[in-house]
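Novice: Mind having a look at this structure? Questions to follow.
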Protein chains: 2
Amino acid sequence: MPTISYRLKTINHQLSSSPPLNACLNYGILLIIMMKASALAHPNIAFIKYWGMIDEDRRLPANDSLSMNIGCLSTRTAVTLDPQLSEDVLVLNGEAVSGTAQKRVQAFMDHIRQQADNPAYTLVESTNNFPIGAGLASSASAFAALALAGSTAFGLNLSEKALSSLARFGSGSACRSIPGGFVEWHTDPETGESYASSIVHPDHWKLIDCIAILSDEHKPVGSEAGMKTAESSPLQQTRVLDAPRRLEACREAILQRDFAALADITELDSNLMHAVMMTSDPPLFYWHPQSLALMKAVRAWRAEGLNAAYTLDAGPNVHVICTQDSMGEILSRLRHFPAVIDVITGLPAGPARLLT
Amino acid sequence: MPTISYRLKTINHQLSSSPPLNACLNYGILLIIMMKASALAHPNIAFIKYWGMIDEDRRLPANDSLSMNIGCLSTRTAVTLDPQLSEDVLVLNGEAVSGTAQKRVQAFMDHIRQQADNPAYTLVESTNNFPIGAGLASSASAFAALALAGSTAFGLNLSEKALSSLARFGSGSACRSIPGGFVEWHTDPETGESYASSIVHPDHWKLIDCIAILSDEHKPVGSEAGMKTAESSPLQQTRVLDAPRRLEACREAILQRDFAALADITELDSNLMHAVMMTSDPPLFYWHPQSLALMKAVRAWRAEGLNAAYTLDAGPNVHVICTQDSMGEILSRLRHFPAVIDVITGLPAGPARLLT
């Protein structure tokens, strides 16, 4: 009879010093202690975008970035250690998933297994309350939730900094979904330290992200694959070199609650990222025709006096950032805009958190 | 009684040394010699775009450019000296035009008057066989035709090089509509010499420019005004610095009749210019939503095996460059494409020429 041997760790405690248990079937007793944790994280919308890496192995981004967590949208993920598994099992929105997505989760869990010094595979059950792969940063909330639930299930009790640093190995922007509110992702290229931290809490400025959904289809080229082509654009280096200036202007606009300044720098930064995308080899056009129509409309609405600014991630949907006093009118206009199939709204949200 | 005095010059001769004539009404004779010339020029479509100047006074472009004259489209312009006029009179497509357009023509004619040392004002009658101000390079053909007709009417007999150099003071890209076929516009920033010349004649490669007209409305920001903002884009310097590489690749593709290479570099260059436009302050979006839809479609058609490539000037219309063997299919698809209101086709065309 085989002997099942594994290390027991307790949830929410640092590396346990418990001795290995031998659950010996000879005694007719199978001792299975399920180690499980669940966490929730929000996606984030970047005002200063991350696009391109300077070091793929260490997952170091080409430029620092700045984002806001999006309330209302969330990923909930439960991780259960199961020593009987021979690979990680991924269940996404109730359906078992194999292929690239499973491999990506397993590669990420390997980081946690290594830190925990525990080889056990896991059951990962994840649900999103929004469409995935359509430029709504589903991988950000997914890997933030997975970093927290996974590390906790393995008994690691990581600091916010360590969690954020870990999360980026799943998806770069996931590190920004670990802290709450308005968040900056910094990297020290010398030390390789790279993690996100809050610059200000969610209540500082109750902006609303009104996400105009133009498509809930999976985009043809995912962000992770897309950004590997960033360096092939003649514009990427210029975008990166100018990023510190934009980031500072954006931070200042947020701290001062200066909507006009935020709008200008956010739209410029979005346009710069898409300029890089569409001049890469091969060129990437994430915009749909109606994305462009809506971007133009938002600028016209702002010229009318409404507080609205657009930004687009690697997808066709248009995030329209607005203030409370403009929200009613903006929502009404978005809902009547041609080709908009839905509008999702979210206030600045808190950090990734464990679910009890 | 007033004495009308003006200098007589003959058409097609260099600076005449004829003495001033005094047409004295005391003798009951009014001698009026109409000095008139007519010329035709084609617009051109740039594969490597001109956008931005390094010296506005001397009209020196930020980068060299490369284009093809477009047959079928043309401007015909007649210039008649009339010493009785107190300003230049512009008649465009049969209608007298005042305001900015007239001022622009008059400012250009001042260059000719200065060269001819003749202060006479003129009647300028110009007709286009295509919509103006919609990104079809109407100002290029207009000022090329005006340079030739105007200088001839004033008795100047300018070389192609001098004509091209002159035409750019009306509209930069007009200098490329003076020579025939495939044309490069070079500038020597040291000497200030800046003019276009043919790299190869029109018959070298019978490409077709199929222009999908999405709008024949006048664009909100003209090219001349738009490009004054080029330097405000963080991307302009990079676009300019990379231009010699693109120009060489484009020239090589044309000389070798290598469509795939031409398509790649032409689309990249178009995307780069529009990237600069949309990241300028204020940002300029010349694309319509359906321009973007058509750009994506053209790429998909090329992936199918058709020889088609897009390029857009400062306007929403999409120039689809194709080879003879693909033209039939491309035309059929363009005519059925949503929002396309017309398709105009043109083979590579010859130089600006005098009309007898």
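Chains: A, B, ... in order of the structure tokens. Residues: from 1 per chain. Ligands: from 1, in order shown.
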Would you list the contacts of Asn69 in chain B as an MDAnalysis selection string, taking every protein, DNA or RNA residue within 10 Å and counting only C-alpha atoms, but skipping same-chain residues closer than 3 positions in sequence?
Specialist: chainID B and resid 41:46 72:74 141 176:183 202 209 346:352
Novice: Per residue of chain B within 9 Å of chain A, record the nearest atom pair and its distance in Å to one decimal, counting only C-alpha atoms, with rows in chain order and ascending residue number, as a Markdown table.
Specialist:
```
| residue | atom | partner | partner_atom | distance |
| --- | --- | --- | --- | --- |
| B:Pro234 | CA | A:Thr238 | CA | 7.2 |
| B:Leu235 | CA | A:Leu235 | CA | 6.5 |
| B:Gln237 | CA | A:Thr238 | CA | 9.0 |
| B:Thr238 | CA | A:Leu235 | CA | 6.6 |
| B:Arg239 | CA | A:Leu235 | CA | 7.5 |
| B:Asp242 | CA | A:Pro234 | CA | 7.5 |
| B:Glu267 | CA | A:Thr279 | CA | 8.7 |
| B:Leu268 | CA | A:Thr279 | CA | 5.8 |
| B:Asp269 | CA | A:Thr279 | CA | 8.4 |
| B:Asn271 | CA | A:Thr279 | CA | 6.1 |
| B:Leu272 | CA | A:Thr279 | CA | 6.4 |
| B:His274 | CA | A:Ala275 | CA | 8.2 |
| B:Ala275 | CA | A:Ala275 | CA | 5.0 |
| B:Val276 | CA | A:Ala275 | CA | 8.1 |
| B:Met278 | CA | A:Asn271 | CA | 6.6 |
| B:Thr279 | CA | A:Leu268 | CA | 5.9 |
| B:Ser280 | CA | A:Leu268 | CA | 8.3 |
| B:Asp281 | CA | A:Leu268 | CA | 8.9 |
| B:Pro283 | CA | A:Leu268 | CA | 8.2 |
| B:Phe285 | CA | A:Lys296 | CA | 7.8 |
| B:Trp287 | CA | A:Leu292 | CA | 8.3 |
| B:His288 | CA | A:Ala293 | CA | 7.3 |
| B:Pro289 | CA | A:Pro289 | CA | 4.1 |
| B:Gln290 | CA | A:Pro289 | CA | 5.9 |
| B:Ser291 | CA | A:Pro289 | CA | 7.8 |
| B:Leu292 | CA | A:Pro289 | CA | 5.6 |
| B:Ala293 | CA | A:Pro289 | CA | 5.6 |
| B:Lys296 | CA | A:Phe285 | CA | 7.8 |
```
Novice: Write the residues of the selection above to a file with N, CA, C and O atoms, as a CSV table (one decimal), in the first residue's frame.
Specialist:
```csv
chain,number,residue,atom,x,y,z
B,234,PRO,N,4.8,63.7,-28.1
B,234,PRO,CA,6.0,63.1,-27.6
B,234,PRO,C,6.6,62.1,-28.7
B,234,PRO,O,7.8,61.7,-28.5
B,235,LEU,N,5.8,61.8,-29.7
B,235,LEU,CA,6.3,60.7,-30.7
B,235,LEU,C,6.9,61.3,-32.0
B,235,LEU,O,7.5,60.6,-32.7
B,237,GLN,N,9.4,63.3,-32.7
B,237,GLN,CA,10.9,63.2,-33.0
B,237,GLN,C,11.3,61.8,-33.4
B,237,GLN,O,12.1,61.6,-34.3
B,238,THR,N,10.7,60.9,-32.7
B,238,THR,CA,11.0,59.5,-33.0
B,238,THR,C,10.6,59.1,-34.4
B,238,THR,O,11.3,58.4,-35.2
B,239,ARG,N,9.4,59.5,-34.8
B,239,ARG,CA,8.9,59.3,-36.1
B,239,ARG,C,9.8,59.9,-37.2
B,239,ARG,O,10.2,59.3,-38.2
B,242,ASP,N,13.3,58.1,-37.5
B,242,ASP,CA,13.2,56.8,-38.1
B,242,ASP,C,12.9,56.9,-39.6
B,242,ASP,O,12.8,55.9,-40.3
B,267,GLU,N,1.9,51.0,-44.5
B,267,GLU,CA,1.0,51.0,-43.4
B,267,GLU,C,1.6,51.5,-42.1
B,267,GLU,O,1.0,52.2,-41.4
B,268,LEU,N,2.9,51.0,-41.9
B,268,LEU,CA,3.6,51.5,-40.7
B,268,LEU,C,3.7,53.0,-40.7
B,268,LEU,O,3.4,53.7,-39.7
B,269,ASP,N,4.1,53.5,-41.9
B,269,ASP,CA,4.3,55.0,-41.9
B,269,ASP,C,3.0,55.7,-41.7
B,269,ASP,O,3.0,56.8,-41.0
B,271,ASN,N,0.4,54.6,-40.0
B,271,ASN,CA,0.1,54.5,-38.6
B,271,ASN,C,1.0,55.4,-37.7
B,271,ASN,O,0.5,56.0,-36.7
B,272,LEU,N,2.2,55.6,-38.1
B,272,LEU,CA,3.1,56.4,-37.3
B,272,LEU,C,2.6,57.9,-37.4
B,272,LEU,O,2.6,58.6,-36.4
B,274,HIS,N,-0.4,59.0,-37.9
B,274,HIS,CA,-1.6,59.1,-37.2
B,274,HIS,C,-1.4,58.9,-35.7
B,274,HIS,O,-2.1,59.5,-34.9
B,275,ALA,N,-0.4,58.2,-35.3
B,275,ALA,CA,0.0,58.1,-33.9
B,275,ALA,C,0.5,59.4,-33.4
B,275,ALA,O,0.1,59.9,-32.3
B,276,VAL,N,1.3,60.1,-34.2
B,276,VAL,CA,1.7,61.5,-33.8
B,276,VAL,C,0.5,62.4,-33.7
B,276,VAL,O,0.3,63.1,-32.7
B,278,MET,N,-2.6,61.7,-33.1
B,278,MET,CA,-3.6,61.5,-32.0
B,278,MET,C,-2.9,61.6,-30.6
B,278,MET,O,-3.6,61.5,-29.6
B,279,THR,N,-1.6,61.9,-30.6
B,279,THR,CA,-0.9,62.2,-29.3
B,279,THR,C,-0.4,63.6,-29.3
B,279,THR,O,0.4,64.0,-28.4
B,280,SER,N,-0.9,64.4,-30.2
B,280,SER,CA,-0.5,65.9,-30.2
B,280,SER,C,-1.4,66.6,-29.2
B,280,SER,O,-2.4,66.1,-28.7
B,281,ASP,N,-1.1,67.9,-29.0
B,281,ASP,CA,-1.9,68.7,-28.1
B,281,ASP,C,-2.4,69.9,-28.8
B,281,ASP,O,-1.6,70.8,-29.2
B,283,PRO,N,-5.1,66.6,-29.4
B,283,PRO,CA,-5.0,65.4,-30.3
B,283,PRO,C,-5.9,65.6,-31.5
B,283,PRO,O,-6.9,66.2,-31.5
B,285,PHE,N,-7.7,63.4,-34.5
B,285,PHE,CA,-8.2,62.1,-34.9
B,285,PHE,C,-8.8,62.3,-36.3
B,285,PHE,O,-10.0,62.7,-36.4
B,287,TRP,N,-9.1,59.9,-38.5
B,287,TRP,CA,-9.8,58.7,-38.8
B,287,TRP,C,-11.3,58.8,-38.4
B,287,TRP,O,-11.6,59.3,-37.4
B,288,HIS,N,-12.2,58.3,-39.3
B,288,HIS,CA,-13.5,58.0,-38.9
B,288,HIS,C,-13.6,56.5,-38.4
B,288,HIS,O,-12.7,55.8,-38.7
B,289,PRO,N,-14.6,56.2,-37.6
B,289,PRO,CA,-14.7,54.8,-37.2
B,289,PRO,C,-14.6,53.8,-38.4
B,289,PRO,O,-13.9,52.8,-38.3
B,290,GLN,N,-15.2,54.1,-39.5
B,290,GLN,CA,-15.2,53.2,-40.6
B,290,GLN,C,-13.8,53.2,-41.3
B,290,GLN,O,-13.5,52.3,-42.1
B,291,SER,N,-13.0,54.3,-41.1
B,291,SER,CA,-11.6,54.3,-41.6
B,291,SER,C,-10.9,53.1,-41.0
B,291,SER,O,-10.2,52.3,-41.6
B,292,LEU,N,-11.1,53.0,-39.6
B,292,LEU,CA,-10.4,51.9,-38.9
B,292,LEU,C,-10.9,50.6,-39.3
B,292,LEU,O,-10.1,49.6,-39.5
B,293,ALA,N,-12.2,50.5,-39.5
B,293,ALA,CA,-12.8,49.2,-39.9
B,293,ALA,C,-12.2,48.8,-41.3
B,293,ALA,O,-11.9,47.6,-41.5
B,296,LYS,N,-8.5,47.6,-41.0
B,296,LYS,CA,-8.5,46.2,-40.5
B,296,LYS,C,-8.8,45.2,-41.6
B,296,LYS,O,-8.2,44.2,-41.8
```
Novice: Which neighbours of Ala314 in chain B fall inside 10 Å, counting only C-alpha atoms, when residues of the same chain fewer than 2 positions from it are skipped, and could you give them as an NGL selection string?
Specialist: :B and (51 or 133-137 or 219 or 221-224 or 226-227 or 270 or 273-274 or 277 or 284-287 or 312 or 316-317)
Novice: Deliver the residues from the most recent selection as a file, using C-alpha atoms, as an mmCIF file, in the first residue's frame.
Specialist:
```cif
data_model
loop_
_atom_site.group_PDB
_atom_site.id
_atom_site.type_symbol
_atom_site.label_atom_id
_atom_site.label_comp_id
_atom_site.auth_asym_id
_atom_site.auth_seq_id
_atom_site.Cartn_x
_atom_site.Cartn_y
_atom_site.Cartn_z
ATOM 1 C CA TRP B 51 4.066 65.839 -41.202
ATOM 2 C CA GLY B 133 -10.261 69.331 -48.114
ATOM 3 C CA ALA B 134 -11.155 65.726 -47.427
ATOM 4 C CA GLY B 135 -7.716 64.212 -47.304
ATOM 5 C CA LEU B 136 -7.383 63.801 -51.057
ATOM 6 C CA ALA B 137 -4.387 66.144 -51.259
ATOM 7 C CA LYS B 219 -12.129 68.135 -42.515
ATOM 8 C CA VAL B 221 -8.562 70.781 -39.040
ATOM 9 C CA GLY B 222 -6.651 71.237 -42.300
ATOM 10 C CA SER B 223 -3.257 69.652 -42.848
ATOM 11 C CA GLU B 224 -1.370 72.946 -42.697
ATOM 12 C CA GLY B 226 -2.725 70.319 -38.041
ATOM 13 C CA MET B 227 0.933 69.792 -38.679
ATOM 14 C CA SER B 270 0.635 55.872 -42.072
ATOM 15 C CA MET B 273 1.796 59.719 -38.662
ATOM 16 C CA HIS B 274 -1.636 59.116 -37.166
ATOM 17 C CA MET B 277 -1.584 63.203 -34.682
ATOM 18 C CA LEU B 284 -6.114 65.092 -33.866
ATOM 19 C CA PHE B 285 -8.211 62.139 -34.942
ATOM 20 C CA TYR B 286 -8.595 62.248 -38.702
ATOM 21 C CA TRP B 287 -9.841 58.657 -38.843
ATOM 22 C CA LEU B 312 -4.449 57.633 -44.917
ATOM 23 C CA PRO B 316 -10.859 59.931 -43.125
ATOM 24 C CA ASN B 317 -10.688 58.487 -46.642
#
```
Novice: Neighbouring residues of range 321-334 of chain A were defined as those with any atom within 10 Å, considering only C-alpha atoms; residues of the same chain fewer than 6 positions away were excluded. Please report them as a PyMOL selection string.
Specialist: chain A and resi 45+47+205-213+259+262-263+266+294+297-298+301-302+305-311+340-347
Novice: With C-alpha atoms retained, export the selected residues as an mmCIF file, in the first residue's frame.
Specialist:
```cif
data_model
loop_
_atom_site.group_PDB
_atom_site.id
_atom_site.type_symbol
_atom_site.label_atom_id
_atom_site.label_comp_id
_atom_site.auth_asym_id
_atom_site.auth_seq_id
_atom_site.Cartn_x
_atom_site.Cartn_y
_atom_site.Cartn_z
ATOM 1 C CA ILE A 45 -7.976 50.431 -14.826
ATOM 2 C CA PHE A 47 -4.419 55.787 -16.148
ATOM 3 C CA TRP A 205 -11.815 60.756 -4.943
ATOM 4 C CA LYS A 206 -15.053 59.023 -5.865
ATOM 5 C CA LEU A 207 -14.428 58.805 -9.568
ATOM 6 C CA ILE A 208 -16.595 56.397 -11.491
ATOM 7 C CA ASP A 209 -15.321 54.100 -14.188
ATOM 8 C CA CYS A 210 -18.213 53.674 -16.632
ATOM 9 C CA ILE A 211 -17.146 50.824 -18.849
ATOM 10 C CA ALA A 212 -18.862 50.879 -22.214
ATOM 11 C CA ILE A 213 -18.914 47.283 -23.390
ATOM 12 C CA PHE A 259 -10.162 66.304 -13.348
ATOM 13 C CA LEU A 262 -6.328 63.770 -15.153
ATOM 14 C CA ALA A 263 -8.365 63.652 -18.363
ATOM 15 C CA THR A 266 -5.013 59.714 -19.109
ATOM 16 C CA LEU A 294 -16.814 56.820 -28.499
ATOM 17 C CA ALA A 297 -17.636 61.589 -28.384
ATOM 18 C CA VAL A 298 -16.102 61.657 -24.903
ATOM 19 C CA TRP A 301 -18.731 65.808 -24.119
ATOM 20 C CA ARG A 302 -15.821 67.176 -22.112
ATOM 21 C CA GLY A 305 -18.404 70.825 -19.734
ATOM 22 C CA LEU A 306 -18.968 67.236 -18.592
ATOM 23 C CA ASN A 307 -16.215 65.590 -16.564
ATOM 24 C CA ALA A 308 -15.466 62.568 -18.723
ATOM 25 C CA ALA A 309 -12.231 61.062 -19.987
ATOM 26 C CA TYR A 310 -11.583 57.875 -21.902
ATOM 27 C CA THR A 311 -8.960 55.179 -21.541
ATOM 28 C CA VAL A 340 -22.655 49.872 -26.788
ATOM 29 C CA ILE A 341 -24.138 46.604 -25.533
ATOM 30 C CA ASP A 342 -23.777 47.279 -21.809
ATOM 31 C CA VAL A 343 -22.355 49.784 -19.355
ATOM 32 C CA ILE A 344 -20.734 48.631 -16.131
ATOM 33 C CA THR A 345 -19.884 51.148 -13.439
ATOM 34 C CA GLY A 346 -17.447 50.952 -10.571
ATOM 35 C CA LEU A 347 -16.149 53.252 -7.860
#
```
Novice: Hey, what's within 9 Å of His186 in chain B if we count only C-alpha atoms and toss same-chain stuff fewer than 2 positions away? As JSON, numbers by chain, please?
Specialist: {"B": [61, 63, 64, 65, 184, 188, 193, 194, 195, 196, 197]}
Novice: Please save N, CA and C atoms of the selected residues as a PDB file, in the first residue's frame.
Specialist:
```
ATOM      1  N   PRO B  61      10.528  70.714 -44.383  1.00  0.00           N
ATOM      2  CA  PRO B  61       9.806  69.641 -43.682  1.00  0.00           C
ATOM      3  C   PRO B  61      10.699  68.950 -42.654  1.00  0.00           C
ATOM      4  N   ASN B  63      10.880  65.806 -42.208  1.00  0.00           N
ATOM      5  CA  ASN B  63      11.471  64.587 -42.782  1.00  0.00           C
ATOM      6  C   ASN B  63      11.214  64.515 -44.277  1.00  0.00           C
ATOM      7  N   ASP B  64      12.076  63.811 -44.972  1.00  0.00           N
ATOM      8  CA  ASP B  64      11.884  63.563 -46.399  1.00  0.00           C
ATOM      9  C   ASP B  64      10.681  62.637 -46.582  1.00  0.00           C
ATOM     10  N   SER B  65      10.087  62.701 -47.753  1.00  0.00           N
ATOM     11  CA  SER B  65       8.875  61.909 -47.989  1.00  0.00           C
ATOM     12  C   SER B  65       8.878  61.335 -49.402  1.00  0.00           C
ATOM     13  N   GLU B 184      10.301  61.628 -54.768  1.00  0.00           N
ATOM     14  CA  GLU B 184      10.845  61.874 -53.425  1.00  0.00           C
ATOM     15  C   GLU B 184      11.059  63.363 -53.206  1.00  0.00           C
ATOM     16  N   ASP B 188      17.867  69.699 -47.993  1.00  0.00           N
ATOM     17  CA  ASP B 188      19.198  69.875 -47.418  1.00  0.00           C
ATOM     18  C   ASP B 188      19.084  70.974 -46.369  1.00  0.00           C
ATOM     19  N   GLU B 193      17.886  74.018 -49.586  1.00  0.00           N
ATOM     20  CA  GLU B 193      17.330  73.490 -50.837  1.00  0.00           C
ATOM     21  C   GLU B 193      16.333  72.384 -50.502  1.00  0.00           C
ATOM     22  N   SER B 194      15.134  72.510 -51.048  1.00  0.00           N
ATOM     23  CA  SER B 194      14.088  71.548 -50.697  1.00  0.00           C
ATOM     24  C   SER B 194      13.136  71.405 -51.877  1.00  0.00           C
ATOM     25  N   TYR B 195      13.184  70.269 -52.540  1.00  0.00           N
ATOM     26  CA  TYR B 195      12.351  70.061 -53.728  1.00  0.00           C
ATOM     27  C   TYR B 195      12.204  68.563 -53.974  1.00  0.00           C
ATOM     28  N   ALA B 196      11.269  68.243 -54.833  1.00  0.00           N
ATOM     29  CA  ALA B 196      10.995  66.835 -55.128  1.00  0.00           C
ATOM     30  C   ALA B 196      11.477  66.465 -56.516  1.00  0.00           C
ATOM     31  N   SER B 197      11.805  65.196 -56.674  1.00  0.00           N
ATOM     32  CA  SER B 197      12.183  64.705 -58.007  1.00  0.00           C
ATOM     33  C   SER B 197      11.712  63.261 -58.160  1.00  0.00           C
TER      34      SER B 197
END
```
Novice: Write out as an MDAnalysis selection string the set of residues from range 192-289 of chain B that DSSP, computed on the backbone, places in strand (DSSP E).
Specialist: chainID B and resid 194:200 208:213
Novice: Taking the DSSP secondary structure from the backbone, can you list the residues of range 50-172 of chain A that are alpha helix (DSSP H), as number ranges by chain?
Specialist: A: 100-116, 138-153, 160-167
Novice: Restricting the output to N, CA and C atoms, write the selected residues as a short mmCIF file (atom, residue, chain, number, x, y, z; two decimals), in the first residue's frame.
Specialist:
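Here's the written file result-v6.cif:
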```cif
data_model
loop_
_atom_site.label_atom_id
_atom_site.label_comp_id
_atom_site.auth_asym_id
_atom_site.auth_seq_id
_atom_site.Cartn_x
_atom_site.Cartn_y
_atom_site.Cartn_z
N THR A 100 -3.93 26.46 -22.41
CA THR A 100 -3.09 27.59 -22.02
C THR A 100 -3.43 28.15 -20.64
N ALA A 101 -4.72 28.32 -20.37
CA ALA A 101 -5.12 28.94 -19.12
C ALA A 101 -4.67 28.08 -17.93
N GLN A 102 -4.85 26.75 -18.05
CA GLN A 102 -4.44 25.86 -16.96
C GLN A 102 -2.93 25.91 -16.78
N LYS A 103 -2.21 25.91 -17.90
CA LYS A 103 -0.74 25.95 -17.83
C LYS A 103 -0.25 27.24 -17.17
N ARG A 104 -0.95 28.33 -17.47
CA ARG A 104 -0.56 29.61 -16.92
C ARG A 104 -0.77 29.63 -15.40
N VAL A 105 -1.90 29.06 -14.98
CA VAL A 105 -2.18 28.98 -13.54
C VAL A 105 -1.16 28.07 -12.86
N GLN A 106 -0.87 26.96 -13.50
CA GLN A 106 0.08 26.01 -12.89
C GLN A 106 1.47 26.63 -12.76
N ALA A 107 1.88 27.35 -13.82
CA ALA A 107 3.19 28.01 -13.77
C ALA A 107 3.23 29.03 -12.63
N PHE A 108 2.10 29.70 -12.42
CA PHE A 108 2.05 30.67 -11.33
C PHE A 108 2.07 29.97 -9.97
N MET A 109 1.31 28.90 -9.86
CA MET A 109 1.28 28.15 -8.59
C MET A 109 2.65 27.59 -8.25
N ASP A 110 3.45 27.29 -9.28
CA ASP A 110 4.82 26.81 -9.04
C ASP A 110 5.62 27.80 -8.20
N HIS A 111 5.40 29.11 -8.44
CA HIS A 111 6.08 30.13 -7.63
C HIS A 111 5.70 29.98 -6.16
N ILE A 112 4.41 29.75 -5.93
CA ILE A 112 3.94 29.62 -4.56
C ILE A 112 4.45 28.32 -3.94
N ARG A 113 4.39 27.23 -4.71
CA ARG A 113 4.91 25.94 -4.20
C ARG A 113 6.37 26.07 -3.80
N GLN A 114 7.11 26.80 -4.62
CA GLN A 114 8.53 26.97 -4.34
C GLN A 114 8.73 27.77 -3.03
N GLN A 115 7.97 28.85 -2.91
CA GLN A 115 8.09 29.67 -1.69
C GLN A 115 7.67 28.87 -0.46
N ALA A 116 6.65 28.02 -0.63
CA ALA A 116 6.13 27.27 0.50
C ALA A 116 6.90 25.97 0.74
N SER A 138 -9.32 41.13 -16.62
CA SER A 138 -9.71 39.93 -15.89
C SER A 138 -8.47 39.19 -15.37
N SER A 139 -7.36 39.25 -16.10
CA SER A 139 -6.19 38.54 -15.60
C SER A 139 -5.60 39.25 -14.39
N ALA A 140 -5.80 40.56 -14.29
CA ALA A 140 -5.30 41.29 -13.11
C ALA A 140 -6.02 40.83 -11.85
N SER A 141 -7.35 40.85 -11.89
CA SER A 141 -8.08 40.43 -10.69
C SER A 141 -7.89 38.94 -10.45
N ALA A 142 -7.81 38.16 -11.53
CA ALA A 142 -7.66 36.71 -11.38
C ALA A 142 -6.36 36.36 -10.66
N PHE A 143 -5.25 36.93 -11.10
CA PHE A 143 -3.98 36.56 -10.47
C PHE A 143 -3.76 37.25 -9.13
N ALA A 144 -4.42 38.38 -8.91
CA ALA A 144 -4.35 38.98 -7.57
C ALA A 144 -5.08 38.07 -6.58
N ALA A 145 -6.28 37.63 -6.96
CA ALA A 145 -7.04 36.74 -6.07
C ALA A 145 -6.31 35.41 -5.89
N LEU A 146 -5.72 34.92 -6.98
CA LEU A 146 -5.01 33.64 -6.90
C LEU A 146 -3.76 33.75 -6.03
N ALA A 147 -3.06 34.88 -6.12
CA ALA A 147 -1.86 35.08 -5.30
C ALA A 147 -2.23 35.04 -3.82
N LEU A 148 -3.33 35.72 -3.49
CA LEU A 148 -3.73 35.79 -2.08
C LEU A 148 -4.29 34.45 -1.61
N ALA A 149 -5.22 33.88 -2.36
CA ALA A 149 -5.82 32.60 -1.95
C ALA A 149 -4.78 31.49 -1.98
N GLY A 150 -3.96 31.47 -3.04
CA GLY A 150 -2.97 30.41 -3.19
C GLY A 150 -1.92 30.45 -2.09
N SER A 151 -1.36 31.62 -1.83
CA SER A 151 -0.31 31.71 -0.82
C SER A 151 -0.87 31.39 0.56
N THR A 152 -2.13 31.80 0.79
CA THR A 152 -2.76 31.52 2.08
C THR A 152 -3.03 30.02 2.24
N ALA A 153 -3.52 29.40 1.19
CA ALA A 153 -3.79 27.96 1.25
C ALA A 153 -2.51 27.18 1.56
N GLU A 160 1.62 42.67 2.06
CA GLU A 160 1.03 43.24 0.84
C GLU A 160 2.09 43.40 -0.24
N LYS A 161 3.25 43.87 0.18
CA LYS A 161 4.35 44.06 -0.77
C LYS A 161 4.76 42.75 -1.43
N ALA A 162 4.90 41.71 -0.59
CA ALA A 162 5.31 40.40 -1.12
C ALA A 162 4.23 39.81 -2.02
N LEU A 163 2.98 40.00 -1.64
CA LEU A 163 1.86 39.51 -2.45
C LEU A 163 1.82 40.20 -3.81
N SER A 164 2.00 41.51 -3.77
CA SER A 164 1.96 42.28 -5.01
C SER A 164 3.10 41.86 -5.92
N SER A 165 4.25 41.69 -5.31
CA SER A 165 5.43 41.26 -6.07
C SER A 165 5.20 39.88 -6.69
N LEU A 166 4.56 39.00 -5.92
CA LEU A 166 4.24 37.65 -6.41
C LEU A 166 3.22 37.69 -7.55
N ALA A 167 2.17 38.49 -7.35
CA ALA A 167 1.04 38.50 -8.30
C ALA A 167 1.50 38.83 -9.71
#
```
Novice: Extract, using only C-alpha atoms, all DNA, RNA and protein residues at most 9 Å from Asn93 in chain A, discarding same-chain residues fewer than 5 positions from it, and format them as a list in words.
Specialist: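 The residues satisfying every condition are Glu125, Ser126, Thr127, Asn128 and Asn129 of chain A.
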